[in-house]
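Novice: Please find one structure pasted underneath; my questions will follow.
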Amino acid sequence: MDKFQELFAQYPFALNDDQVKAATAEILAQHYAENNNREVWMQCLNQIDLTTLNGEDTVAKVEHMAHQVTHFEANFPGVKNVAAMCVYPALAETARKNLPAGINVACVSGGFPASQTFLEVKVAETALAIHAGADEIDIVISIGKFLEERYQEVFDEISELKAVCGERHLKVILETGALGSAQNIWKASILAMAAGADFIKTSTGKIKVNATPEATYIMCSAIKAWQEKTGQKVGYKPAGGVSTTEEAVQHYTLVKEILGKEWLNNHSFRFGASRLANNLLTSIVGTETKYF
């Protein structure tokens, strides 16, 4: 048995896809309603990585978004700001120059979104993003290598990119919609955490299937198993397709019930989102709001 089979054997996951769906639905049926309130909506807003990851992104667009973040609390007294802005590496410097202290710059890197480039390019891009002002780095696992069970290569890439990040948080995107099964999502979660991920993240938002409640159930269960065995607390980030208040509360409810209240803050739990911020604001304010 190689070391990765040994690793996975230490963290068994017995549920199949149908059982995961049923377990997820049961938690939401029992606890969603108690979390669907203004206090939770405000907490979810404070956990957002406000994201723009489009080919047509411009300096002006990122400056405008940063301006809105900077003046947010003056426009919405008593409502906490987003946690970070997430941008492409070429716009990290623009974001950093225009954001106030306390709002992080999260930067995708490592050949995002497909991760289909050379490791040397991934390392260089990550280092340059950090030099440009990124406080956090979001990378995608090499999905093809993972599906071919080339676990050592996937592990080594994550480990090397974490070494480049140093004390900065590394969020590892599993692209759960491409992994095909609950078992693969579980294995990818364990592998990423073993390689040094500070957060594990569902999706890029660039494929058809992105963050689902079922992926949240599996990944949070993996985080819990990892924390119980190692004592290490790993963060969680659903991203891609989380756009409505209802969807945010669903993920919040699952995190709360599986991982506990100590994860319900923006140091341990983020949403990768663009439309979600305005939808949460609409729920909080009570009238349609398109601030961001």
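In the structure tokens, the first chain shown is A, the next is B, and so on; residue numbers restart at 1 for each chain, and ligands run from 1 in the order shown.
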Quick one: DSSP strand (DSSP E or B) residues in segment 184-282 of chain A, as an MDAnalysis selection string?
Specialist: chainID A and resid 199:201 235:237 239 269 271:273
Novice: Limited to C-alpha atoms, could you put the picked residues into a file as a PDB file, in the first residue's frame?
Specialist:
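What follows is the written file part-v4.pdb:
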ATOM      1  CA  PHE A 199      -8.533  26.497   3.192  1.00  0.00           C
ATOM      2  CA  ILE A 200     -10.214  24.044   0.879  1.00  0.00           C
ATOM      3  CA  LYS A 201     -12.560  25.540  -1.694  1.00  0.00           C
ATOM      4  CA  GLY A 235     -10.931  26.831   6.583  1.00  0.00           C
ATOM      5  CA  TYR A 236     -13.717  26.259   4.098  1.00  0.00           C
ATOM      6  CA  LYS A 237     -14.852  28.269   1.059  1.00  0.00           C
ATOM      7  CA  ALA A 239     -17.480  29.344  -4.427  1.00  0.00           C
ATOM      8  CA  PHE A 269     -15.245  30.397   6.406  1.00  0.00           C
ATOM      9  CA  PHE A 271     -17.861  32.656   0.237  1.00  0.00           C
ATOM     10  CA  GLY A 272     -16.416  33.250  -3.216  1.00  0.00           C
ATOM     11  CA  ALA A 273     -19.074  35.417  -4.818  1.00  0.00           C
TER      12      ALA A 273
END
Novice: Excluding same-chain residues fewer than 3 positions from Leu276 of chain A, what lies within 8 Å of it counting only C-alpha atoms, as a PyMOL selection string?
Specialist: chain A and resi 242-245+248+273+279-280
Novice: Can you list, as a count of residues only, every protein, DNA or RNA residue that comes within 12 Å of Thr176 of chain A when you count only C-alpha atoms, leaving out same-chain residues fewer than 5 positions away?
Specialist: 37
Novice: With a distance cut-off of 9 Å and only C-alpha atoms, select the neighbouring residues of His267 of chain A, excluding the residue or stretch itself and same-chain residues fewer than 3 positions from it, and output the selection as a list in words.
Specialist: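 The neighbour list is Gln47, Ala83, Gly235, Trp263, Leu264 and Arg270 of chain A.
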Novice: Here is a test: counting only C-alpha atoms, which residue of A:Met42, A:Val105, A:Leu161, A:Leu53 is nearest to Val79 of chain A?
Specialist: A:Met42
Novice: Can you check which residues of segment 16-187 of chain A DSSP gives as alpha helix (DSSP H) on the backbone and send them as JSON, numbers by chain?
Specialist: {"A": [17, 18, 19, 20, 21, 22, 23, 24, 25, 26, 27, 28, 29, 30, 31, 32, 33, 34, 35, 38, 39, 40, 41, 42, 43, 44, 45, 59, 60, 61, 62, 63, 64, 65, 66, 67, 68, 69, 70, 72, 73, 74, 75, 92, 93, 94, 95, 96, 97, 98, 119, 120, 121, 122, 123, 124, 125, 126, 127, 128, 129, 130, 131, 143, 144, 145, 146, 147, 151, 152, 153, 154, 155, 156, 157, 158, 159, 160, 161, 162, 163, 164, 165, 182, 183, 184, 185, 186, 187]}
Novice: Please report the interatomic distance between atom CA of Trp226 of chain A and atom CA of Glu26 of chain A in Å with one decimal.
Specialist: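 Going from atom CA of Trp226 of chain A over to atom CA of Glu26 of chain A covers 23.3 Å.
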Novice: So which residues touch Ile258 of chain A within 8 Å, counting only C-alpha atoms, skipping near sequence neighbours fewer than 4 positions away, as JSON, numbers by chain?
Specialist: {"A": [217, 220, 221, 224, 254]}
Novice: Just N, CA and C atoms for this one: save the residues we selected as a tab-separated table (two decimals), in the first residue's frame.
Specialist:
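Writing the result to selection.tsv gives the following:
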chain	number	residue	atom	x	y	z
A	217	TYR	N	-21.20	19.46	2.46
A	217	TYR	CA	-21.33	18.39	3.46
A	217	TYR	C	-20.06	17.52	3.47
A	220	CYS	N	-16.76	19.67	4.53
A	220	CYS	CA	-16.77	20.03	5.96
A	220	CYS	C	-16.59	18.79	6.83
A	221	SER	N	-17.16	17.67	6.40
A	221	SER	CA	-16.95	16.43	7.14
A	221	SER	C	-15.48	16.02	7.11
A	224	LYS	N	-13.58	18.28	9.48
A	224	LYS	CA	-13.81	17.84	10.86
A	224	LYS	C	-12.96	16.62	11.20
A	254	LEU	N	-24.92	24.20	7.01
A	254	LEU	CA	-24.13	22.97	6.98
A	254	LEU	C	-22.81	23.14	7.72
Novice: List every residue of segment 36-112 of chain A that has an atom at most 12 Å from any atom of segment 133-137 of chain A, and for each one report the closest atom pair and its distance in Å to one decimal, counting only C-alpha atoms, with rows sorted by chain and then by increasing residue number, as JSON lines.
Specialist:
{"residue": "A:Asp49", "atom": "CA", "partner": "A:Glu136", "partner_atom": "CA", "distance": 10.5}
{"residue": "A:Ala83", "atom": "CA", "partner": "A:Glu136", "partner_atom": "CA", "distance": 11.3}
{"residue": "A:Ala84", "atom": "CA", "partner": "A:Glu136", "partner_atom": "CA", "distance": 9.1}
{"residue": "A:Met85", "atom": "CA", "partner": "A:Ala134", "partner_atom": "CA", "distance": 9.8}
{"residue": "A:Cys86", "atom": "CA", "partner": "A:Glu136", "partner_atom": "CA", "distance": 8.8}
{"residue": "A:Val87", "atom": "CA", "partner": "A:Ala134", "partner_atom": "CA", "distance": 9.3}
{"residue": "A:Tyr88", "atom": "CA", "partner": "A:Ala134", "partner_atom": "CA", "distance": 10.0}
{"residue": "A:Pro89", "atom": "CA", "partner": "A:Ala134", "partner_atom": "CA", "distance": 8.1}
{"residue": "A:Ala90", "atom": "CA", "partner": "A:Gly133", "partner_atom": "CA", "distance": 10.6}
{"residue": "A:Leu91", "atom": "CA", "partner": "A:Gly133", "partner_atom": "CA", "distance": 9.5}
{"residue": "A:Ala92", "atom": "CA", "partner": "A:Gly133", "partner_atom": "CA", "distance": 5.9}
{"residue": "A:Glu93", "atom": "CA", "partner": "A:Gly133", "partner_atom": "CA", "distance": 5.5}
{"residue": "A:Thr94", "atom": "CA", "partner": "A:Gly133", "partner_atom": "CA", "distance": 8.7}
{"residue": "A:Ala95", "atom": "CA", "partner": "A:Gly133", "partner_atom": "CA", "distance": 8.1}
{"residue": "A:Arg96", "atom": "CA", "partner": "A:Gly133", "partner_atom": "CA", "distance": 5.7}
{"residue": "A:Lys97", "atom": "CA", "partner": "A:Gly133", "partner_atom": "CA", "distance": 8.3}
{"residue": "A:Asn98", "atom": "CA", "partner": "A:Gly133", "partner_atom": "CA", "distance": 11.1}
{"residue": "A:Leu99", "atom": "CA", "partner": "A:Gly133", "partner_atom": "CA", "distance": 10.8}
{"residue": "A:Ala101", "atom": "CA", "partner": "A:Asp135", "partner_atom": "CA", "distance": 11.4}
{"residue": "A:Gly102", "atom": "CA", "partner": "A:Asp135", "partner_atom": "CA", "distance": 10.6}
{"residue": "A:Ile103", "atom": "CA", "partner": "A:Asp135", "partner_atom": "CA", "distance": 9.4}
{"residue": "A:Asn104", "atom": "CA", "partner": "A:Asp135", "partner_atom": "CA", "distance": 5.8}
{"residue": "A:Val105", "atom": "CA", "partner": "A:Ala134", "partner_atom": "CA", "distance": 5.0}
{"residue": "A:Ala106", "atom": "CA", "partner": "A:Glu136", "partner_atom": "CA", "distance": 4.5}
{"residue": "A:Cys107", "atom": "CA", "partner": "A:Ile137", "partner_atom": "CA", "distance": 5.0}
{"residue": "A:Val108", "atom": "CA", "partner": "A:Ile137", "partner_atom": "CA", "distance": 5.8}
{"residue": "A:Ser109", "atom": "CA", "partner": "A:Ile137", "partner_atom": "CA", "distance": 6.5}
{"residue": "A:Gly110", "atom": "CA", "partner": "A:Ile137", "partner_atom": "CA", "distance": 9.0}
{"residue": "A:Gly111", "atom": "CA", "partner": "A:Ile137", "partner_atom": "CA", "distance": 11.9}
{"residue": "A:Phe112", "atom": "CA", "partner": "A:Ile137", "partner_atom": "CA", "distance": 10.9}
Novice: What would the file look like if the residues just selected were written as an mmCIF file, in the first residue's frame with N, CA and C atoms?
Specialist:
data_model
loop_
_atom_site.group_PDB
_atom_site.id
_atom_site.type_symbol
_atom_site.label_atom_id
_atom_site.label_comp_id
_atom_site.auth_asym_id
_atom_site.auth_seq_id
_atom_site.Cartn_x
_atom_site.Cartn_y
_atom_site.Cartn_z
ATOM 1 N N ASP A 49 -15.560 36.839 -0.180
ATOM 2 C CA ASP A 49 -14.480 37.308 -1.035
ATOM 3 C C ASP A 49 -15.160 37.887 -2.273
ATOM 4 N N ALA A 83 -14.924 40.443 3.457
ATOM 5 C CA ALA A 83 -13.623 40.049 4.005
ATOM 6 C C ALA A 83 -12.472 40.374 3.070
ATOM 7 N N ALA A 84 -12.702 40.245 1.761
ATOM 8 C CA ALA A 84 -11.601 40.389 0.800
ATOM 9 C C ALA A 84 -12.170 40.673 -0.582
ATOM 10 N N MET A 85 -11.280 41.085 -1.481
ATOM 11 C CA MET A 85 -11.582 41.132 -2.907
ATOM 12 C C MET A 85 -10.718 40.096 -3.592
ATOM 13 N N CYS A 86 -11.317 39.345 -4.529
ATOM 14 C CA CYS A 86 -10.593 38.310 -5.254
ATOM 15 C C CYS A 86 -10.478 38.701 -6.723
ATOM 16 N N VAL A 87 -9.236 38.746 -7.224
ATOM 17 C CA VAL A 87 -8.971 39.221 -8.584
ATOM 18 C C VAL A 87 -7.908 38.341 -9.240
ATOM 19 N N TYR A 88 -7.715 38.569 -10.540
ATOM 20 C CA TYR A 88 -6.615 37.928 -11.248
ATOM 21 C C TYR A 88 -5.281 38.564 -10.843
ATOM 22 N N PRO A 89 -4.167 37.843 -11.020
ATOM 23 C CA PRO A 89 -2.858 38.354 -10.585
ATOM 24 C C PRO A 89 -2.496 39.715 -11.167
ATOM 25 N N ALA A 90 -2.845 39.952 -12.420
ATOM 26 C CA ALA A 90 -2.471 41.211 -13.059
ATOM 27 C C ALA A 90 -3.150 42.419 -12.423
ATOM 28 N N LEU A 91 -4.197 42.178 -11.631
ATOM 29 C CA LEU A 91 -4.927 43.271 -11.000
ATOM 30 C C LEU A 91 -4.756 43.299 -9.487
ATOM 31 N N ALA A 92 -3.860 42.469 -8.975
ATOM 32 C CA ALA A 92 -3.627 42.437 -7.528
ATOM 33 C C ALA A 92 -3.087 43.771 -7.024
ATOM 34 N N GLU A 93 -2.166 44.368 -7.752
ATOM 35 C CA GLU A 93 -1.591 45.645 -7.322
ATOM 36 C C GLU A 93 -2.649 46.739 -7.293
ATOM 37 N N THR A 94 -3.520 46.765 -8.288
ATOM 38 C CA THR A 94 -4.603 47.749 -8.318
ATOM 39 C C THR A 94 -5.513 47.589 -7.106
ATOM 40 N N ALA A 95 -5.880 46.343 -6.816
ATOM 41 C CA ALA A 95 -6.746 46.097 -5.665
ATOM 42 C C ALA A 95 -6.074 46.539 -4.371
ATOM 43 N N ARG A 96 -4.815 46.184 -4.197
ATOM 44 C CA ARG A 96 -4.115 46.511 -2.951
ATOM 45 C C ARG A 96 -3.993 48.022 -2.766
ATOM 46 N N LYS A 97 -3.715 48.739 -3.828
ATOM 47 C CA LYS A 97 -3.537 50.180 -3.726
ATOM 48 C C LYS A 97 -4.838 50.901 -3.379
ATOM 49 N N ASN A 98 -5.954 50.304 -3.707
ATOM 50 C CA ASN A 98 -7.227 50.993 -3.574
ATOM 51 C C ASN A 98 -8.107 50.482 -2.441
ATOM 52 N N LEU A 99 -7.683 49.420 -1.759
ATOM 53 C CA LEU A 99 -8.456 48.886 -0.653
ATOM 54 C C LEU A 99 -7.941 49.401 0.683
ATOM 55 N N ALA A 101 -6.976 49.203 4.776
ATOM 56 C CA ALA A 101 -6.409 48.190 5.665
ATOM 57 C C ALA A 101 -7.541 47.368 6.260
ATOM 58 N N GLY A 102 -7.297 46.081 6.402
ATOM 59 C CA GLY A 102 -8.301 45.205 6.971
ATOM 60 C C GLY A 102 -9.106 44.443 5.944
ATOM 61 N N ILE A 103 -9.032 44.865 4.691
ATOM 62 C CA ILE A 103 -9.678 44.131 3.598
ATOM 63 C C ILE A 103 -8.573 43.465 2.784
ATOM 64 N N ASN A 104 -8.585 42.151 2.746
ATOM 65 C CA ASN A 104 -7.522 41.415 2.077
ATOM 66 C C ASN A 104 -7.700 41.396 0.563
ATOM 67 N N VAL A 105 -6.569 41.192 -0.109
ATOM 68 C CA VAL A 105 -6.580 40.897 -1.541
ATOM 69 C C VAL A 105 -6.371 39.395 -1.692
ATOM 70 N N ALA A 106 -7.391 38.723 -2.210
ATOM 71 C CA ALA A 106 -7.268 37.307 -2.558
ATOM 72 C C ALA A 106 -7.010 37.241 -4.055
ATOM 73 N N CYS A 107 -6.072 36.404 -4.447
ATOM 74 C CA CYS A 107 -5.656 36.377 -5.844
ATOM 75 C C CYS A 107 -5.634 34.933 -6.340
ATOM 76 N N VAL A 108 -6.316 34.672 -7.449
ATOM 77 C CA VAL A 108 -6.205 33.356 -8.067
ATOM 78 C C VAL A 108 -4.833 33.243 -8.721
ATOM 79 N N SER A 109 -4.323 32.017 -8.752
ATOM 80 C CA SER A 109 -2.978 31.828 -9.279
ATOM 81 C C SER A 109 -2.803 30.376 -9.698
ATOM 82 N N GLY A 110 -1.611 30.066 -10.177
ATOM 83 C CA GLY A 110 -1.283 28.684 -10.509
ATOM 84 C C GLY A 110 -1.991 28.167 -11.740
ATOM 85 N N GLY A 111 -2.152 29.018 -12.752
ATOM 86 C CA GLY A 111 -2.807 28.573 -13.971
ATOM 87 C C GLY A 111 -4.312 28.474 -13.857
ATOM 88 N N PHE A 112 -4.900 29.302 -12.997
ATOM 89 C CA PHE A 112 -6.355 29.338 -12.839
ATOM 90 C C PHE A 112 -7.022 29.635 -14.182
#
Novice: Under the rule that only C-alpha atoms are counted, which of A:Val59, A:Tyr32, A:Cys165, A:Thr51 is the nearest residue to Val82 of chain A?
Specialist: A:Thr51
Novice: Near Asn81 of chain A, counting only C-alpha atoms, which residues have an atom at most 10 Å away, once you skip same-chain residues fewer than 3 positions from it, shown as JSON, numbers by chain?
Specialist: {"A": [42, 43, 45, 46, 47, 48, 69, 70, 71, 72, 73, 76, 77, 78, 84, 102, 103, 277]}
Novice: Using only N, CA and C atoms, please write the residues we just selected to a file, as a short mmCIF file (atom, residue, chain, number, x, y, z; two decimals), in the first residue's frame.
Specialist:
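Heads up, here's the output in again-v2.cif:
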data_model
loop_
_atom_site.label_atom_id
_atom_site.label_comp_id
_atom_site.auth_asym_id
_atom_site.auth_seq_id
_atom_site.Cartn_x
_atom_site.Cartn_y
_atom_site.Cartn_z
N MET A 42 -26.07 39.07 7.68
CA MET A 42 -24.96 40.01 7.88
C MET A 42 -23.65 39.26 8.09
N GLN A 43 -23.70 38.16 8.81
CA GLN A 43 -22.49 37.37 9.01
C GLN A 43 -21.98 36.81 7.68
N LEU A 45 -22.40 38.10 4.73
CA LEU A 45 -21.83 39.20 3.97
C LEU A 45 -20.39 39.47 4.39
N ASN A 46 -20.12 39.39 5.68
CA ASN A 46 -18.79 39.64 6.22
C ASN A 46 -17.80 38.53 5.87
N GLN A 47 -18.30 37.43 5.32
CA GLN A 47 -17.45 36.30 4.96
C GLN A 47 -17.21 36.20 3.45
N ILE A 48 -17.60 37.23 2.70
CA ILE A 48 -17.49 37.18 1.24
C ILE A 48 -16.10 37.61 0.77
N VAL A 69 -16.08 49.06 -1.77
CA VAL A 69 -15.70 48.38 -0.52
C VAL A 69 -15.22 49.40 0.51
N THR A 70 -14.38 50.33 0.06
CA THR A 70 -13.81 51.34 0.96
C THR A 70 -14.90 52.17 1.65
N HIS A 71 -15.96 52.49 0.93
CA HIS A 71 -17.00 53.36 1.46
C HIS A 71 -18.23 52.59 1.94
N PHE A 72 -18.10 51.29 2.03
CA PHE A 72 -19.25 50.46 2.36
C PHE A 72 -19.84 50.80 3.73
N GLU A 73 -19.01 50.84 4.75
CA GLU A 73 -19.53 51.00 6.11
C GLU A 73 -20.15 52.38 6.32
N PHE A 76 -23.61 51.82 4.83
CA PHE A 76 -24.43 50.82 5.52
C PHE A 76 -23.97 50.70 6.97
N PRO A 77 -24.24 51.69 7.79
CA PRO A 77 -23.80 51.68 9.19
C PRO A 77 -24.32 50.45 9.92
N GLY A 78 -23.44 49.85 10.70
CA GLY A 78 -23.83 48.70 11.49
C GLY A 78 -23.73 47.38 10.76
N ALA A 84 -12.70 40.25 1.76
CA ALA A 84 -11.60 40.39 0.80
C ALA A 84 -12.17 40.67 -0.58
N GLY A 102 -7.30 46.08 6.40
CA GLY A 102 -8.30 45.21 6.97
C GLY A 102 -9.11 44.44 5.94
N ILE A 103 -9.03 44.86 4.69
CA ILE A 103 -9.68 44.13 3.60
C ILE A 103 -8.57 43.47 2.78
N ALA A 277 -23.25 39.38 -2.75
CA ALA A 277 -23.17 40.54 -1.87
C ALA A 277 -24.41 41.43 -2.02
#
Novice: Expressed in Å to a single decimal, how great is the separation between atom CA of His31 of chain A and atom CA of Leu50 of chain A?
Specialist: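 Taking atom CA of His31 of chain A as the start and atom CA of Leu50 of chain A as the end point, the length is 26.8 Å.
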Novice: As an exercise, work out the distance from atom CA of Pro100 of chain A to atom CA of Phe292 of chain A in Å and give it to one decimal place.
Specialist: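 Spanning atom CA of Pro100 of chain A to atom CA of Phe292 of chain A is a straight-line distance of 16.1 Å.
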Novice: Skip Lys229 of chain A itself and residues of its chain fewer than 6 positions away, then list as a ChimeraX atom specification all residues within 12 Å of it, counting only C-alpha atoms.
Specialist: /A:7,10-11,190,194,222-223
